[in-house]
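Step one of this worksheet: look at the structure below.
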Amino acid sequence: TQTTRPQRMLAAVQKNATRGDPRSVVKAIDQFCRQKEWAMNVGDEKGCILDSVVTEVNPETVLELGTYCGYSTVRIASLLPPQAKLITLEFNPGNAAIARQVIAWAGLEDKVELVEGASGDFIPKMKEMFGIKTFDLVFLDHWKDRYLPDTKLMEECGLLRKGSILLADNVICPGTPDYLEYIRNSPRYKSQFFKSHLEYTKVEDGLEKSIFLG
Ligand SMILES: CCCNc1ncnc2c1ncn2[C@@H]1O[C@H](/C=C/CNC(=O)c2cc(-c3ccc(F)cc3)cc(O)c2O)[C@H](C)[C@H]1O
Ligand SMILES: [Mg+2]
């Protein structure tokens with residue numbers, strides 16, 4: 001029977017990456033996406049920008065919206081300090097199953113809490129379920145029309161503190177117009193655009209980094 005693209009991506013990781021070596025997992029996925037099948041991972045070019053933001057913020061608590069196959073989860077978790085925690089939300093069971101195995105192959109399961117479910121249902125439960133007060137960093141990479149409602153929900157749930165960083169993928173392609181309009185005009189955020197390209201292509205894209213001012 002036909003395999004899915006995430007299943008084929010996992011097979012490429014298990015074939016080409018070294019267990020316990022996150023950089024080899026990232027490299028194996030990027031090679032798979034460049035040489036075999038395009039997939040919507042943040043990719044190596046935007047991934048370097050993601051890495052630099054994670055390193056700069058050095059977060060204790062991270063929330064990722066939209067795990068997909070766990071590519072950015074592995075990139076972020078591999079850069080976290082020892083006690084730090086990354087919570088990643090994925091509502092598609094098939095994707096979640098693949099991502100768990102990718103994260104495990106990288107040896108990062110102790111730093112990552114993959115929650116299978118919808119952001120709208122779990123954002124309000126972050127405090128009670130995981131004892132999280134606020135997030136130091138949020139990486140938005142799920143359905144593009146959900147960036148804005150989920151950002152407002154995080155504000156309402158008190159999950160952002162003065163200095164929390166939001167990093168949003170795909171603000172050009174596919175684009176997140178309502179989110180950009182809100183975040184760039186809100187007095188509660190200071191935003192910066194990092195111009196880049198759509199993963200594995202020459203198409204223009206970029207990341208928007210926003211600091212919550214409280
Ligand atoms: C209840 C819903 C909200 N709550 C949710 N709660 C939990 N998990 C959620 C929620 N909403 C979605 N997810 C999960 O996140 C993933 C979804 C990721 C979506 N990403 C894109 O659509 C994209 C497209 C392109 C692209 C560019 C150019 C092209 F030509 C084609 C494609 C590039 C990119 O970098 C992209 O990230 C995953 C598939 C999906 O199950
Ligand atoms: Mg993306």
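Here, A, B, ... name the chains of the structure tokens in the order displayed, residue numbers run from 1 inside each chain, and ligands are numbered from 1 in the same displayed order.
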inquiry  = Based on the backbone DSSP call, show me all residues of stretch 40-205 of chain A assigned strand (DSSP E), as number ranges by chain.
reply    = A: 61-65, 85-90, 112-116, 137-140, 165-168, 189-197, 204-205
Need to verify the contact set: A:Ala97, 12 Å, only C-alpha atoms, exclusion of same-chain residues closer than 6 positions in sequence. Can you return it as a compact mmCIF listing (two decimals) with all heavy atoms, in the first residue's frame?
```
# COMPACT_ATOMS: atom_id res chain seq x y z
N PRO A 6 5.38 12.00 4.84
CA PRO A 6 6.06 11.94 6.14
C PRO A 6 6.69 10.58 6.44
O PRO A 6 7.79 10.51 6.98
CB PRO A 6 4.95 12.29 7.13
CG PRO A 6 4.03 13.17 6.34
CD PRO A 6 4.02 12.56 4.96
N GLN A 7 6.04 9.49 6.03
CA GLN A 7 6.62 8.16 6.26
C GLN A 7 7.91 8.00 5.46
O GLN A 7 8.91 7.46 5.94
CB GLN A 7 5.61 7.07 5.87
CG GLN A 7 4.50 6.87 6.88
CD GLN A 7 3.38 5.96 6.37
OE1 GLN A 7 3.12 5.86 5.15
NE2 GLN A 7 2.68 5.33 7.28
N LEU A 10 10.66 9.98 7.17
CA LEU A 10 11.17 9.25 8.34
C LEU A 10 12.12 8.14 7.90
O LEU A 10 13.20 7.95 8.48
CB LEU A 10 10.02 8.66 9.16
CG LEU A 10 10.41 7.70 10.30
CD1 LEU A 10 11.25 8.43 11.36
CD2 LEU A 10 9.18 7.07 10.92
N THR A 67 3.76 20.88 14.46
CA THR A 67 4.97 20.06 14.48
C THR A 67 5.32 19.53 13.08
O THR A 67 6.48 19.53 12.68
CB THR A 67 4.78 18.83 15.41
OG1 THR A 67 4.14 19.23 16.61
CG2 THR A 67 6.09 18.13 15.69
N TYR A 68 4.25 19.08 12.35
CA TYR A 68 4.40 18.39 11.06
C TYR A 68 5.29 17.18 11.29
O TYR A 68 4.92 16.28 12.04
CB TYR A 68 4.86 19.36 9.98
CG TYR A 68 4.88 18.73 8.59
CD1 TYR A 68 3.85 17.90 8.15
CD2 TYR A 68 5.96 18.97 7.74
CE1 TYR A 68 3.90 17.32 6.89
CE2 TYR A 68 6.00 18.39 6.46
CZ TYR A 68 4.98 17.57 6.04
OH TYR A 68 5.03 16.99 4.79
N CYS A 69 6.51 17.12 10.71
CA CYS A 69 7.35 15.92 10.88
C CYS A 69 8.44 16.10 11.93
O CYS A 69 9.25 15.19 12.14
CB CYS A 69 7.98 15.55 9.55
SG CYS A 69 6.75 15.08 8.31
N GLY A 70 8.48 17.26 12.56
CA GLY A 70 9.42 17.45 13.67
C GLY A 70 10.75 18.07 13.27
O GLY A 70 11.67 18.15 14.08
N GLU A 90 0.53 19.25 17.51
CA GLU A 90 0.26 18.71 16.17
C GLU A 90 -1.08 17.99 16.24
O GLU A 90 -1.23 17.06 17.05
CB GLU A 90 1.37 17.75 15.76
CG GLU A 90 1.11 17.00 14.45
CD GLU A 90 0.79 17.91 13.27
OE1 GLU A 90 1.60 18.80 12.98
OE2 GLU A 90 -0.31 17.75 12.69
N PHE A 91 -2.04 18.41 15.40
CA PHE A 91 -3.37 17.77 15.56
C PHE A 91 -3.60 16.61 14.60
O PHE A 91 -4.57 15.88 14.76
CB PHE A 91 -4.49 18.81 15.54
CG PHE A 91 -4.92 19.34 14.21
CD1 PHE A 91 -5.99 20.21 14.14
CD2 PHE A 91 -4.28 19.01 13.03
CE1 PHE A 91 -6.41 20.73 12.93
CE2 PHE A 91 -4.69 19.52 11.82
CZ PHE A 91 -5.77 20.38 11.77
N ILE A 103 11.97 12.84 16.33
CA ILE A 103 12.50 13.46 17.55
C ILE A 103 13.30 12.42 18.36
O ILE A 103 14.39 12.70 18.87
CB ILE A 103 11.35 14.05 18.39
CG1 ILE A 103 10.72 15.23 17.65
CG2 ILE A 103 11.83 14.47 19.78
CD1 ILE A 103 9.29 15.58 18.12
N ALA A 104 12.77 11.18 18.40
CA ALA A 104 13.46 10.10 19.13
C ALA A 104 14.78 9.74 18.44
O ALA A 104 15.80 9.54 19.10
CB ALA A 104 12.56 8.87 19.22
N LEU A 114 5.50 16.45 22.84
CA LEU A 114 4.65 16.55 21.65
C LEU A 114 3.22 16.28 22.08
O LEU A 114 2.92 15.21 22.62
CB LEU A 114 5.08 15.54 20.58
CG LEU A 114 4.52 15.77 19.16
CD1 LEU A 114 5.32 15.02 18.11
CD2 LEU A 114 3.06 15.41 19.03
N VAL A 115 2.35 17.27 21.90
CA VAL A 115 0.94 17.14 22.29
C VAL A 115 0.11 16.98 21.03
O VAL A 115 0.15 17.84 20.14
CB VAL A 115 0.48 18.38 23.08
CG1 VAL A 115 -1.00 18.26 23.44
CG2 VAL A 115 1.34 18.56 24.32
N GLU A 116 -0.61 15.88 20.94
CA GLU A 116 -1.45 15.60 19.78
C GLU A 116 -2.80 16.28 20.01
O GLU A 116 -3.58 15.85 20.87
CB GLU A 116 -1.64 14.09 19.63
CG GLU A 116 -2.05 13.66 18.25
CD GLU A 116 -2.03 12.14 18.13
OE1 GLU A 116 -1.04 11.53 18.57
OE2 GLU A 116 -3.04 11.60 17.66
```
task = Output the neighbourhood of ligand 2 as number ranges by chain, that is, all protein and nucleic acid residues with some atom at most 12 Å from the ligand, counting only C-alpha atoms and all ligand atoms.
result = A: 39-44, 46-47, 50, 64-72, 139-144, 147, 167-176, 197-200, 205-208
query = Could you state the separation of atom CA of A:Asn95 and atom 9 (C, counted along the ligand's line) of ligand 1 in Å, given to one decimal place?
reply =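 Atom 9 (C, counted along the ligand's line) of ligand 1 lies at a distance of 9.8 Å from atom CA of A:Asn95.
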query = What's the 6 Å shell around stretch 16-31 of chain A, counting only C-alpha atoms, without same-chain residues fewer than 3 positions away, as a VMD selection string?
reply = chain A and resid 12 to 13 34 to 35 105 to 107
inquiry  = I need the residue nearest A:Arg184 from this list: A:Arg75, A:Lys209, A:Arg146, A:Lys111. Use only C-alpha atoms for the distance.
reply    =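 The answer is A:Lys209, which sits nearest to A:Arg184.
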Helix (DSSP H, G or I) call set, DSSP backbone run, stretch 73-136 of chain A, as a PyMOL selection string = chain A and resi 73-77+93-105+119-130
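With distances taken over only C-alpha atoms and all ligand atoms, A:Val203 is the one residue among A:Leu80, A:Ser186, A:Glu60, A:Val203 lying closest to ligand 1.
As for atom CA of A:Leu159 and atom CA of A:Glu181, they are spaced 21.3 Å apart.
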request  = Excluding A:Tyr189 and any residue of its chain fewer than 3 positions from it, enumerate the residues within 12 Å of it, using only C-alpha atoms, and give them as a PyMOL selection string.
outcome  = chain A and resi 151+155+160-166+179-186+192+208-214
key: Selected residue of minimal separation from ligand 1 among A:Val53, A:Val74, A:Val112, A:Ala118, counting only C-alpha atoms and all ligand atoms   = A:Ala118
inquiry  = Residues near A:Ser119, anyone? I mean within 7 Å using only C-alpha atoms, not counting same-chain ones fewer than 3 positions away, as a ChimeraX atom specification.
reply    = /A:65,89,122-123
request  = Between A:Cys48, A:Val102, A:Leu148, A:Val62, single out the one closest to ligand 1, counting only C-alpha atoms and all ligand atoms.
outcome  =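 Of all the options, A:Leu148 lies closest to ligand 1.
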